[in-house]
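Source file: input-v1.pdb (PDB, C-alpha atoms)
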ATOM      1  CA  MET A 849       0.000   0.000   0.000
ATOM      2  CA  LYS A 850       1.302   3.436  -0.918
ATOM      3  CA  TYR A 851      -0.248   5.071   2.170
ATOM      4  CA  ASN A 852       1.569   4.913   5.484
ATOM      5  CA  ILE A 853      -1.374   3.447   7.392
ATOM      6  CA  ASP A 854      -0.771   2.899  11.102
ATOM      7  CA  PRO A 855       0.255  -0.761  11.684
ATOM      8  CA  GLU A 856      -2.605  -1.355  14.129
ATOM      9  CA  LEU A 857      -5.116  -0.329  11.465
ATOM     10  CA  ARG A 858      -3.761  -2.346   8.538
ATOM     11  CA  PRO A 859      -5.254  -5.766   9.405
ATOM     12  CA  ILE A 860      -8.817  -4.502   8.941
ATOM     13  CA  LEU A 861      -8.141  -3.522   5.343
ATOM     14  CA  ASP A 862      -8.467  -7.144   4.213
ATOM     15  CA  LEU A 863     -11.724  -7.576   6.131
ATOM     16  CA  LEU A 864     -13.597  -4.493   4.967
ATOM     17  CA  PRO A 865     -16.584  -5.107   2.681
ATOM     18  CA  PRO A 866     -16.617  -3.060  -0.524
ATOM     19  CA  PHE A 867     -18.079   0.391   0.077
ATOM     20  CA  ASP A 868     -19.844   0.799  -3.245
ATOM     21  CA  LEU A 869     -22.490   3.527  -3.187
ATOM     22  CA  ALA A 870     -23.733   2.540  -6.625
ATOM     23  CA  ASP A 871     -25.989  -0.025  -4.922
ATOM     24  CA  PRO A 872     -27.523   1.686  -1.863
ATOM     25  CA  ALA A 873     -29.792  -1.231  -0.936
ATOM     26  CA  THR A 874     -26.916  -3.698  -0.725
ATOM     27  CA  MET A 875     -24.751  -1.190   1.114
ATOM     28  CA  ARG A 876     -27.461  -0.659   3.732
ATOM     29  CA  ALA A 877     -28.055  -4.361   4.168
ATOM     30  CA  THR A 878     -24.333  -4.974   4.609
ATOM     31  CA  MET A 879     -24.067  -2.294   7.279
ATOM     32  CA  ASP A 880     -27.178  -3.491   9.110
ATOM     33  CA  ALA A 881     -25.765  -7.030   9.209
ATOM     34  CA  MET A 882     -22.552  -5.726  10.772
ATOM     35  CA  VAL A 883     -24.303  -3.615  13.404
ATOM     36  CA  GLY A 884     -27.020  -5.992  14.598
ATOM     37  CA  PRO A 885     -24.927  -8.525  16.548
ATOM     38  CA  ALA A 886     -22.812  -5.804  18.146
ATOM     39  CA  ASN A 887     -25.868  -3.912  19.400
ATOM     40  CA  ALA A 888     -27.398  -7.081  20.819
ATOM     41  CA  ALA A 889     -24.385  -7.471  23.092
ATOM     42  CA  LEU A 890     -24.469  -3.923  24.497
ATOM     43  CA  ASP A 891     -25.027  -3.362  28.199
ATOM     44  CA  THR A 892     -27.552  -0.525  28.433
ATOM     45  CA  ARG A 893     -27.971  -0.587  32.203
ATOM     46  CA  GLY A 894     -27.911   2.848  33.782
ATOM     47  CA  THR A 895     -29.245   4.611  30.699
ATOM     48  CA  THR A 896     -32.859   5.357  29.830
ATOM     49  CA  ILE A 897     -33.357   4.897  26.081
ATOM     50  CA  SER A 898     -36.590   6.023  24.438
ATOM     51  CA  ASP A 899     -37.801   6.400  20.864
ATOM     52  CA  HIS A 900     -39.883   9.382  19.740
ATOM     53  CA  VAL A 901     -40.931  11.189  16.572
ATOM     54  CA  ALA A 902     -40.422  14.862  15.816
ATOM     55  CA  PRO A 903     -42.852  16.710  13.535
ATOM     56  CA  GLY A 904     -41.433  17.175  10.056
ATOM     57  CA  LEU A 905     -40.969  20.644   8.619
ATOM     58  CA  ALA A 906     -43.653  22.049   6.313
ATOM     59  CA  GLY A 907     -45.642  18.839   6.067
ATOM     60  CA  ALA A 908     -42.646  16.524   5.683
ATOM     61  CA  PRO A 909     -42.813  13.074   7.328
ATOM     62  CA  GLU A 910     -42.203  12.727  11.033
ATOM     63  CA  VAL A 911     -38.573  12.250  12.037
ATOM     64  CA  PRO A 912     -37.668   9.290  14.278
ATOM     65  CA  VAL A 913     -35.318  10.183  17.126
ATOM     66  CA  ARG A 914     -33.798   8.150  19.935
ATOM     67  CA  VAL A 915     -33.026   9.761  23.290
ATOM     68  CA  TYR A 916     -30.352   8.569  25.735
ATOM     69  CA  ARG A 917     -30.380   9.891  29.309
ATOM     70  CA  PRO A 918     -28.548   8.734  32.453
ATOM     71  CA  GLU A 919     -31.070   7.056  34.773
ATOM     72  CA  SER A 920     -29.566   8.585  37.898
ATOM     73  CA  ALA A 921     -29.823  12.174  36.691
ATOM     74  CA  THR A 922     -32.200  14.473  38.534
ATOM     75  CA  ALA A 923     -31.187  17.935  37.299
ATOM     76  CA  ALA A 924     -31.228  19.305  33.749
ATOM     77  CA  LEU A 925     -28.237  18.068  31.753
ATOM     78  CA  PRO A 926     -26.325  19.215  28.676
ATOM     79  CA  GLY A 927     -27.872  17.991  25.431
ATOM     80  CA  LEU A 928     -26.304  16.825  22.176
ATOM     81  CA  LEU A 929     -28.095  16.419  18.851
ATOM     82  CA  TYR A 930     -26.267  13.547  17.136
ATOM     83  CA  LEU A 931     -26.300  13.119  13.325
ATOM     84  CA  HIS A 932     -24.964   9.884  11.866
ATOM     85  CA  GLY A 933     -22.644   9.423   8.940
ATOM     86  CA  GLY A 934     -22.964   7.177   5.902
ATOM     87  CA  GLY A 935     -22.394   9.320   2.838
ATOM     88  CA  PHE A 936     -26.028  10.533   2.987
ATOM     89  CA  VAL A 937     -26.889   7.026   1.731
ATOM     90  CA  PHE A 938     -26.842   4.674   4.721
ATOM     91  CA  GLY A 939     -26.874   4.815   8.507
ATOM     92  CA  ASN A 940     -29.725   4.909  11.014
ATOM     93  CA  LEU A 941     -30.474   4.859  14.732
ATOM     94  CA  GLU A 942     -29.057   1.353  15.063
ATOM     95  CA  SER A 943     -25.744   2.152  13.391
ATOM     96  CA  GLU A 944     -25.113   4.880  15.990
ATOM     97  CA  HIS A 945     -26.609   3.096  18.995
ATOM     98  CA  ALA A 946     -23.308   2.112  20.611
ATOM     99  CA  THR A 947     -21.712   5.518  20.052
ATOM    100  CA  CYS A 948     -24.653   7.490  21.430
ATOM    101  CA  LEU A 949     -24.928   5.175  24.428
ATOM    102  CA  ALA A 950     -21.231   5.626  25.187
ATOM    103  CA  ILE A 951     -21.338   9.418  24.872
ATOM    104  CA  SER A 952     -24.371   9.692  27.142
ATOM    105  CA  ARG A 953     -22.861   7.333  29.696
ATOM    106  CA  GLN A 954     -19.321   8.719  29.705
ATOM    107  CA  LEU A 955     -20.321  12.386  29.847
ATOM    108  CA  GLY A 956     -23.578  12.084  31.762
ATOM    109  CA  ILE A 957     -25.546  14.019  29.129
ATOM    110  CA  VAL A 958     -28.709  13.641  27.075
ATOM    111  CA  VAL A 959     -28.060  12.520  23.493
ATOM    112  CA  VAL A 960     -30.733  12.846  20.793
ATOM    113  CA  SER A 961     -29.917  10.657  17.777
ATOM    114  CA  VAL A 962     -31.686  11.497  14.503
ATOM    115  CA  ASP A 963     -32.909   9.047  11.858
ATOM    116  CA  TYR A 964     -33.027  11.482   8.931
ATOM    117  CA  ARG A 965     -34.202  10.434   5.476
ATOM    118  CA  LEU A 966     -31.515   9.067   3.169
ATOM    119  CA  SER A 967     -30.467   9.799  -0.392
ATOM    120  CA  PRO A 968     -30.930   9.152  -3.258
ATOM    121  CA  GLU A 969     -34.579   8.609  -2.304
ATOM    122  CA  THR A 970     -34.626  11.973  -0.514
ATOM    123  CA  ALA A 971     -32.335  14.691  -1.805
ATOM    124  CA  PHE A 972     -31.411  18.034  -0.263
ATOM    125  CA  PRO A 973     -33.004  19.771   1.556
ATOM    126  CA  GLY A 974     -34.976  16.775   2.923
ATOM    127  CA  PRO A 975     -32.250  15.243   5.132
ATOM    128  CA  LEU A 976     -31.247  18.641   6.506
ATOM    129  CA  ASP A 977     -34.880  19.563   7.130
ATOM    130  CA  ASP A 978     -35.227  16.371   9.178
ATOM    131  CA  CYS A 979     -32.178  17.219  11.273
ATOM    132  CA  TYR A 980     -33.327  20.778  11.852
ATOM    133  CA  ALA A 981     -36.818  19.549  12.723
ATOM    134  CA  ALA A 982     -35.226  17.275  15.325
ATOM    135  CA  LEU A 983     -33.276  20.227  16.706
ATOM    136  CA  LEU A 984     -36.462  22.295  17.008
ATOM    137  CA  TRP A 985     -38.219  19.342  18.669
ATOM    138  CA  THR A 986     -35.349  18.996  21.145
ATOM    139  CA  GLN A 987     -35.614  22.665  22.018
ATOM    140  CA  ALA A 988     -39.409  22.501  22.409
ATOM    141  CA  ASN A 989     -39.212  19.389  24.600
ATOM    142  CA  ALA A 990     -36.140  20.325  26.609
ATOM    143  CA  ALA A 991     -37.986  20.380  29.928
ATOM    144  CA  THR A 992     -39.424  16.903  29.403
ATOM    145  CA  LEU A 993     -36.097  15.547  28.165
ATOM    146  CA  GLY A 994     -34.231  17.135  31.049
ATOM    147  CA  ILE A 995     -31.973  19.264  28.855
ATOM    148  CA  ASP A 996     -30.393  22.540  29.888
ATOM    149  CA  LEU A 997     -30.848  24.668  26.754
ATOM    150  CA  ARG A 998     -27.868  26.803  27.703
ATOM    151  CA  ARG A 999     -25.748  23.708  27.031
ATOM    152  CA  LEU A1000     -27.184  22.309  23.796
ATOM    153  CA  GLY A1001     -24.774  21.270  21.050
ATOM    154  CA  VAL A1002     -24.739  19.408  17.762
ATOM    155  CA  MET A1003     -22.419  16.655  16.566
ATOM    156  CA  GLY A1004     -22.094  14.857  13.269
ATOM    157  CA  GLN A1005     -19.725  12.377  11.691
ATOM    158  CA  SER A1006     -18.849  12.360   7.983
ATOM    159  CA  ALA A1007     -22.084  13.224   6.120
ATOM    160  CA  GLY A1008     -23.539  13.909   9.554
ATOM    161  CA  GLY A1009     -20.791  16.498   9.973
ATOM    162  CA  CYS A1010     -22.145  18.291   6.909
ATOM    163  CA  LEU A1011     -25.634  18.235   8.404
ATOM    164  CA  ALA A1012     -24.353  19.383  11.810
ATOM    165  CA  ALA A1013     -22.481  22.322  10.276
ATOM    166  CA  ALA A1014     -25.558  23.195   8.215
ATOM    167  CA  CYS A1015     -27.792  23.044  11.304
ATOM    168  CA  ALA A1016     -25.448  25.490  13.044
ATOM    169  CA  LEU A1017     -25.594  27.830  10.038
ATOM    170  CA  ARG A1018     -29.372  27.530   9.812
ATOM    171  CA  ALA A1019     -29.884  28.124  13.526
ATOM    172  CA  ARG A1020     -27.726  31.253  13.271
ATOM    173  CA  ASP A1021     -29.474  32.622  10.197
ATOM    174  CA  GLU A1022     -33.045  31.720  11.188
ATOM    175  CA  ASN A1023     -32.775  32.779  14.826
ATOM    176  CA  GLY A1024     -33.130  29.137  15.807
ATOM    177  CA  PRO A1025     -31.946  27.266  18.903
ATOM    178  CA  ALA A1026     -28.897  28.851  20.513
ATOM    179  CA  LEU A1027     -26.312  26.121  20.075
ATOM    180  CA  CYS A1028     -23.345  26.317  22.412
ATOM    181  CA  TYR A1029     -21.078  23.918  20.491
ATOM    182  CA  GLN A1030     -20.565  21.997  17.254
ATOM    183  CA  PHE A1031     -18.443  18.873  16.898
ATOM    184  CA  LEU A1032     -17.616  18.093  13.273
ATOM    185  CA  SER A1033     -15.988  14.676  12.987
ATOM    186  CA  ILE A1034     -14.337  13.865   9.620
ATOM    187  CA  PRO A1035     -16.990  16.097   8.019
ATOM    188  CA  VAL A1036     -18.236  16.285   4.447
ATOM    189  CA  LEU A1037     -18.373  20.008   3.643
ATOM    190  CA  ASP A1038     -17.590  20.858   0.015
ATOM    191  CA  ASP A1039     -19.273  19.562  -3.154
ATOM    192  CA  ARG A1040     -16.614  21.104  -5.395
ATOM    193  CA  LEU A1041     -14.177  18.272  -4.585
ATOM    194  CA  ASP A1042     -11.159  20.341  -5.582
ATOM    195  CA  THR A1043      -8.882  20.179  -2.533
ATOM    196  CA  PRO A1044      -5.454  18.508  -2.772
ATOM    197  CA  SER A1045      -6.488  15.593  -0.538
ATOM    198  CA  MET A1046      -9.693  14.976  -2.496
ATOM    199  CA  GLN A1047      -7.874  14.976  -5.812
ATOM    200  CA  ALA A1048      -4.993  12.826  -4.539
ATOM    201  CA  PHE A1049      -6.876  10.156  -2.592
ATOM    202  CA  THR A1050      -8.589   8.218  -5.350
ATOM    203  CA  ASP A1051      -7.976   4.750  -3.887
ATOM    204  CA  THR A1052      -7.950   5.223  -0.112
ATOM    205  CA  PRO A1053      -9.852   2.729   2.055
ATOM    206  CA  ILE A1054     -13.618   3.190   2.478
ATOM    207  CA  TRP A1055     -13.792   6.770   1.177
ATOM    208  CA  HIS A1056     -12.217   8.109  -1.998
ATOM    209  CA  LEU A1057     -12.959  10.529  -4.814
ATOM    210  CA  ALA A1058     -15.384   8.237  -6.658
ATOM    211  CA  ASN A1059     -17.488   7.641  -3.538
ATOM    212  CA  ALA A1060     -17.468  11.355  -2.778
ATOM    213  CA  GLU A1061     -18.741  12.135  -6.279
ATOM    214  CA  GLN A1062     -21.512   9.541  -6.051
ATOM    215  CA  SER A1063     -22.488  10.683  -2.561
ATOM    216  CA  TRP A1064     -22.848  14.326  -3.559
ATOM    217  CA  ASP A1065     -24.797  13.429  -6.694
ATOM    218  CA  TYR A1066     -27.262  11.452  -4.575
ATOM    219  CA  TYR A1067     -27.574  14.166  -1.947
ATOM    220  CA  LEU A1068     -27.994  17.088  -4.345
ATOM    221  CA  GLY A1069     -30.373  15.155  -6.591
ATOM    222  CA  SER A1070     -31.507  16.252 -10.018
ATOM    223  CA  ALA A1071     -32.236  19.844  -8.984
ATOM    224  CA  LEU A1072     -28.622  20.763  -8.212
ATOM    225  CA  GLN A1073     -25.402  19.944 -10.038
ATOM    226  CA  ARG A1074     -22.335  19.119  -7.992
ATOM    227  CA  GLY A1075     -19.738  21.887  -8.320
ATOM    228  CA  SER A1076     -22.114  24.406  -9.849
ATOM    229  CA  THR A1077     -22.625  27.910  -8.487
ATOM    230  CA  GLU A1078     -26.249  27.073  -7.637
ATOM    231  CA  VAL A1079     -25.332  24.767  -4.727
ATOM    232  CA  PRO A1080     -26.302  26.643  -1.529
ATOM    233  CA  ALA A1081     -24.308  26.857   1.674
ATOM    234  CA  LEU A1082     -26.901  24.859   3.595
ATOM    235  CA  ALA A1083     -26.143  21.940   1.254
ATOM    236  CA  ALA A1084     -22.366  22.450   1.289
ATOM    237  CA  PRO A1085     -21.318  24.508   4.338
ATOM    238  CA  ALA A1086     -17.891  25.244   2.836
ATOM    239  CA  ARG A1087     -19.739  27.639   0.526
ATOM    240  CA  ALA A1088     -20.986  29.823   3.399
ATOM    241  CA  ALA A1089     -19.969  33.446   2.794
ATOM    242  CA  SER A1090     -19.449  34.086   6.506
ATOM    243  CA  LEU A1091     -18.829  31.835   9.482
ATOM    244  CA  GLN A1092     -19.114  34.618  12.036
ATOM    245  CA  GLY A1093     -21.488  34.086  14.909
ATOM    246  CA  LEU A1094     -21.319  30.301  14.824
ATOM    247  CA  PRO A1095     -20.873  28.290  18.021
ATOM    248  CA  PRO A1096     -17.425  27.126  19.153
ATOM    249  CA  ALA A1097     -16.261  24.042  17.309
ATOM    250  CA  CYS A1098     -14.065  20.982  17.270
ATOM    251  CA  VAL A1099     -13.060  19.610  13.858
ATOM    252  CA  THR A1100     -11.360  16.241  13.437
ATOM    253  CA  VAL A1101      -9.697  14.787  10.332
ATOM    254  CA  MET A1102      -7.864  11.634   9.310
ATOM    255  CA  GLU A1103      -4.559  11.869   7.452
ATOM    256  CA  PHE A1104      -5.465   9.653   4.480
ATOM    257  CA  ASP A1105      -9.040  10.860   4.036
ATOM    258  CA  PRO A1106     -10.042  12.799   0.909
ATOM    259  CA  LEU A1107     -12.220  14.950   3.188
ATOM    260  CA  ARG A1108      -9.184  16.054   5.194
ATOM    261  CA  ASP A1109      -8.400  19.359   3.505
ATOM    262  CA  GLU A1110     -11.951  20.708   3.182
ATOM    263  CA  ALA A1111     -12.393  20.170   6.922
ATOM    264  CA  LEU A1112      -9.086  21.858   7.762
ATOM    265  CA  ILE A1113      -9.958  24.800   5.533
ATOM    266  CA  TYR A1114     -13.340  25.115   7.241
ATOM    267  CA  ALA A1115     -11.691  25.010  10.658
ATOM    268  CA  GLN A1116      -9.247  27.730   9.632
ATOM    269  CA  ARG A1117     -12.136  29.848   8.358
ATOM    270  CA  LEU A1118     -13.946  29.386  11.673
ATOM    271  CA  LEU A1119     -10.864  30.626  13.497
ATOM    272  CA  ALA A1120     -10.502  33.574  11.121
ATOM    273  CA  ALA A1121     -14.156  34.435  11.794
ATOM    274  CA  GLY A1122     -13.494  34.608  15.512
ATOM    275  CA  VAL A1123     -15.009  31.213  16.347
ATOM    276  CA  SER A1124     -13.068  29.301  18.993
ATOM    277  CA  THR A1125     -12.072  26.086  17.221
ATOM    278  CA  GLU A1126     -10.164  22.972  18.251
ATOM    279  CA  ILE A1127      -8.550  20.888  15.479
ATOM    280  CA  HIS A1128      -7.316  17.281  15.557
ATOM    281  CA  CYS A1129      -5.545  15.464  12.711
ATOM    282  CA  TYR A1130      -4.716  11.806  13.360
ATOM    283  CA  PRO A1131      -1.651  10.426  11.516
ATOM    284  CA  GLY A1132      -1.760   7.102   9.719
ATOM    285  CA  THR A1133      -5.555   6.979   9.720
ATOM    286  CA  PHE A1134      -8.210   6.776   7.022
ATOM    287  CA  HIS A1135     -11.920   7.553   6.845
ATOM    288  CA  GLY A1136     -13.652   5.111   9.143
ATOM    289  CA  SER A1137     -10.475   3.677  10.654
ATOM    290  CA  SER A1138     -11.902   4.362  14.114
ATOM    291  CA  MET A1139     -13.902   1.136  13.739
ATOM    292  CA  VAL A1140     -10.695  -0.554  14.846
ATOM    293  CA  VAL A1141     -11.670   0.361  18.380
ATOM    294  CA  ASP A1142      -8.683  -1.228  20.147
ATOM    295  CA  ALA A1143      -6.065   0.675  18.142
ATOM    296  CA  ALA A1144      -4.182   3.304  20.132
ATOM    297  CA  LEU A1145      -5.090   6.028  17.633
ATOM    298  CA  SER A1146      -8.774   5.136  17.867
ATOM    299  CA  LYS A1147      -8.659   5.229  21.655
ATOM    300  CA  ARG A1148      -6.941   8.604  21.497
ATOM    301  CA  GLY A1149      -9.644   9.883  19.159
ATOM    302  CA  VAL A1150     -12.408   8.779  21.525
ATOM    303  CA  ALA A1151     -10.655  10.358  24.503
ATOM    304  CA  ASP A1152     -10.166  13.598  22.578
ATOM    305  CA  MET A1153     -13.826  13.586  21.495
ATOM    306  CA  LEU A1154     -15.137  13.101  25.006
ATOM    307  CA  ALA A1155     -12.807  15.754  26.392
ATOM    308  CA  ALA A1156     -13.771  18.270  23.713
ATOM    309  CA  LEU A1157     -17.497  17.595  24.114
ATOM    310  CA  GLY A1158     -17.109  17.917  27.864
ATOM    311  CA  ARG A1159     -15.514  21.323  27.488
ATOM    312  CA  GLY A1160     -17.891  22.501  24.777
ATOM    313  CA  LEU A1161     -21.021  21.476  26.682
ATOM    314  CA  CYS A1162     -19.680  22.633  30.052
ATOM    315  CA  VAL A1163     -20.003  19.173  31.549
ATOM    316  CA  GLU A1164     -19.197  19.109  35.238
ATOM    317  CA  SER A1165     -16.387  16.804  36.227
ATOM    318  CA  ARG A1166     -17.591  13.284  37.025
ATOM    319  CA  GLN A1167     -14.563  12.468  39.173
TER     320      GLN A1167
END

Can you dump the structure from the file as C-alpha cells?
Amino acid sequence: MKYNIDPELRPILDLLPPFDLADPATMRATMDAMVGPANAALDTRGTTISDHVAPGLAGAPEVPVRVYRPESATAALPGLLYLHGGGFVFGNLESEHATCLAISRQLGIVVVSVDYRLSPETAFPGPLDDCYAALLWTQANAATLGIDLRRLGVMGQSAGGCLAAACALRARDENGPALCYQFLSIPVLDDRLDTPSMQAFTDTPIWHLANAEQSWDYYLGSALQRGSTEVPALAAPARAASLQGLPPACVTVMEFDPLRDEALIYAQRLLAAGVSTEIHCYPGTFHGSSMVVDAALSKRGVADMLAALGRGLCVESRQ
C-alpha cells in the first residue's frame, strides 16, 4: 500500500466489505448485518433509552429520534443532537446506537440521535430539514427531556458532519436554537471536490474521490449539479460566505481521508471568523479507521472527542 497506514489499522483492510455507493440497498443491508450482533451485546444498564418522533418541517414526514439519558440524573443536563454518517446514503439509529450510548454514559448528558431520510430517495433539503426539525423538537421538549438549553450542542460524523455544520448555520441565520457547540468529525463540507487531498486520494480505504462524487450526486439530486454555483451553503457549508457568529467548534480529520483538507480549511475559516475552534488530525488513519476500536489512535480519538465535548457542553467533572 502506498499510504503509510498505522500498523494497528492495517489488518482490517483485508476484512472491509466493498463500500460501493452505486448499490444503496446492498450497502445498507451490509451495514445493518454488521451492526445488529454488536448492538445485541451492548449493556444498556444505567441509561434510559426512548424512541420518539419529531414533527417534520412544512408537512414533511415525522422524524424518528432516539433519546439517551442517564437514569440517575435528577437535574437538567447538557444535550447533544447527534447526526450519523454514511455518505447521505446509509446509517440509522441502530448504526449509531453504541456511540450514542457511550457518549451519554461517559459524559452524563442527554443525546438525541436522529434518523433522517436518506439519499438518493430523498435529496437536499430533505435530510437537513429532518435534522433541523429534530433540533427544534429537542428545544421545544427540553424540559421533558431534562436538557439545559444553555448547554445544547450538535455533533455529526462524515455526512452527519455536513448536516451538523448546516444546522449550526441555519440556527444562526433563522434565529433558531442557541447552540453552544458543534463537533464536526471527519466532516463532508464541500461539493466542489477540488482540494489537494480529495484529488490525490482516489484509492484510499472506504472513502475516496469516486465515492465522494456519487455521494454528492445522490444528496444534491436532479435539482442541483455538484460543483455548480447554484449549490447553496446549507447543502455544502464550505460555501458559506461568513462563518461569524457560529458556536465554538471541534473539527477532526484523518490523514489519508479525501475529506481532510476541506475540513481543515473550514476550521481555519472558523478561526478567522473569531469562532473558537479545536482541530485534531490523526496520523496514519483513514476515513472510518476508528472502527478498529482497540487501536491506540482510535482510543486517542475517543478520549479527545469526550474531552472536547465535555468542554464545549460545560459538563461538570464526574470524578

I'd like to know which of A:His1056, A:Arg953, A:Arg876, A:His900 is closest to A:Leu966, using all atoms listed in the file.
A:Arg876

Any chance you could resolve the PyMOL selection byres ((chain A and resi 929) around 6) against this file and give the residues as an NGL selection string?
:A and (928 or 930 or 960 or 1002)

Computed interatomic separation between atom CA of A:His945 and atom CA of A:Val1099 (Å):
22.0 Å

Residues picked by the PyMOL selection byres ((chain A and resi 1104) around 7) here, as a ChimeraX atom specification?
/A:1052,1102-1103,1105-1106,1132-1134

As a list in words, please: the residues near A:Asp978 (cut-off 8 Å, all atoms listed in the file, same-chain neighbours under 6 positions excluded).
Gly904, Leu905, Val911, Tyr964 and Arg965 of chain A

Set out as a Markdown table a contact list for stretch 1066-1095 of chain A and stretch 1029-1044 of chain A with a cut-off of 6 Å, giving each residue of stretch 1066-1095 of chain A that qualifies its closest atom pair and distance in Å to one decimal, counting all atoms listed in the file, ordered by chain and rising residue number.
| residue | atom | partner | partner_atom | distance |
| --- | --- | --- | --- | --- |
| A:Arg1074 | CA | A:Asp1039 | CA | 5.7 |
| A:Gly1075 | CA | A:Arg1040 | CA | 4.4 |
| A:Ala1084 | CA | A:Asp1038 | CA | 5.2 |
| A:Pro1085 | CA | A:Leu1037 | CA | 5.4 |
| A:Ala1086 | CA | A:Asp1038 | CA | 5.2 |
| A:Pro1095 | CA | A:Tyr1029 | CA | 5.0 |

Distance criterion (only C-alpha atoms): nearest to A:Pro885 out of A:Leu869, A:Ala1019, A:Val913, A:Ala946
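Among the listed residues, A:Ala946 lies closest to A:Pro885.
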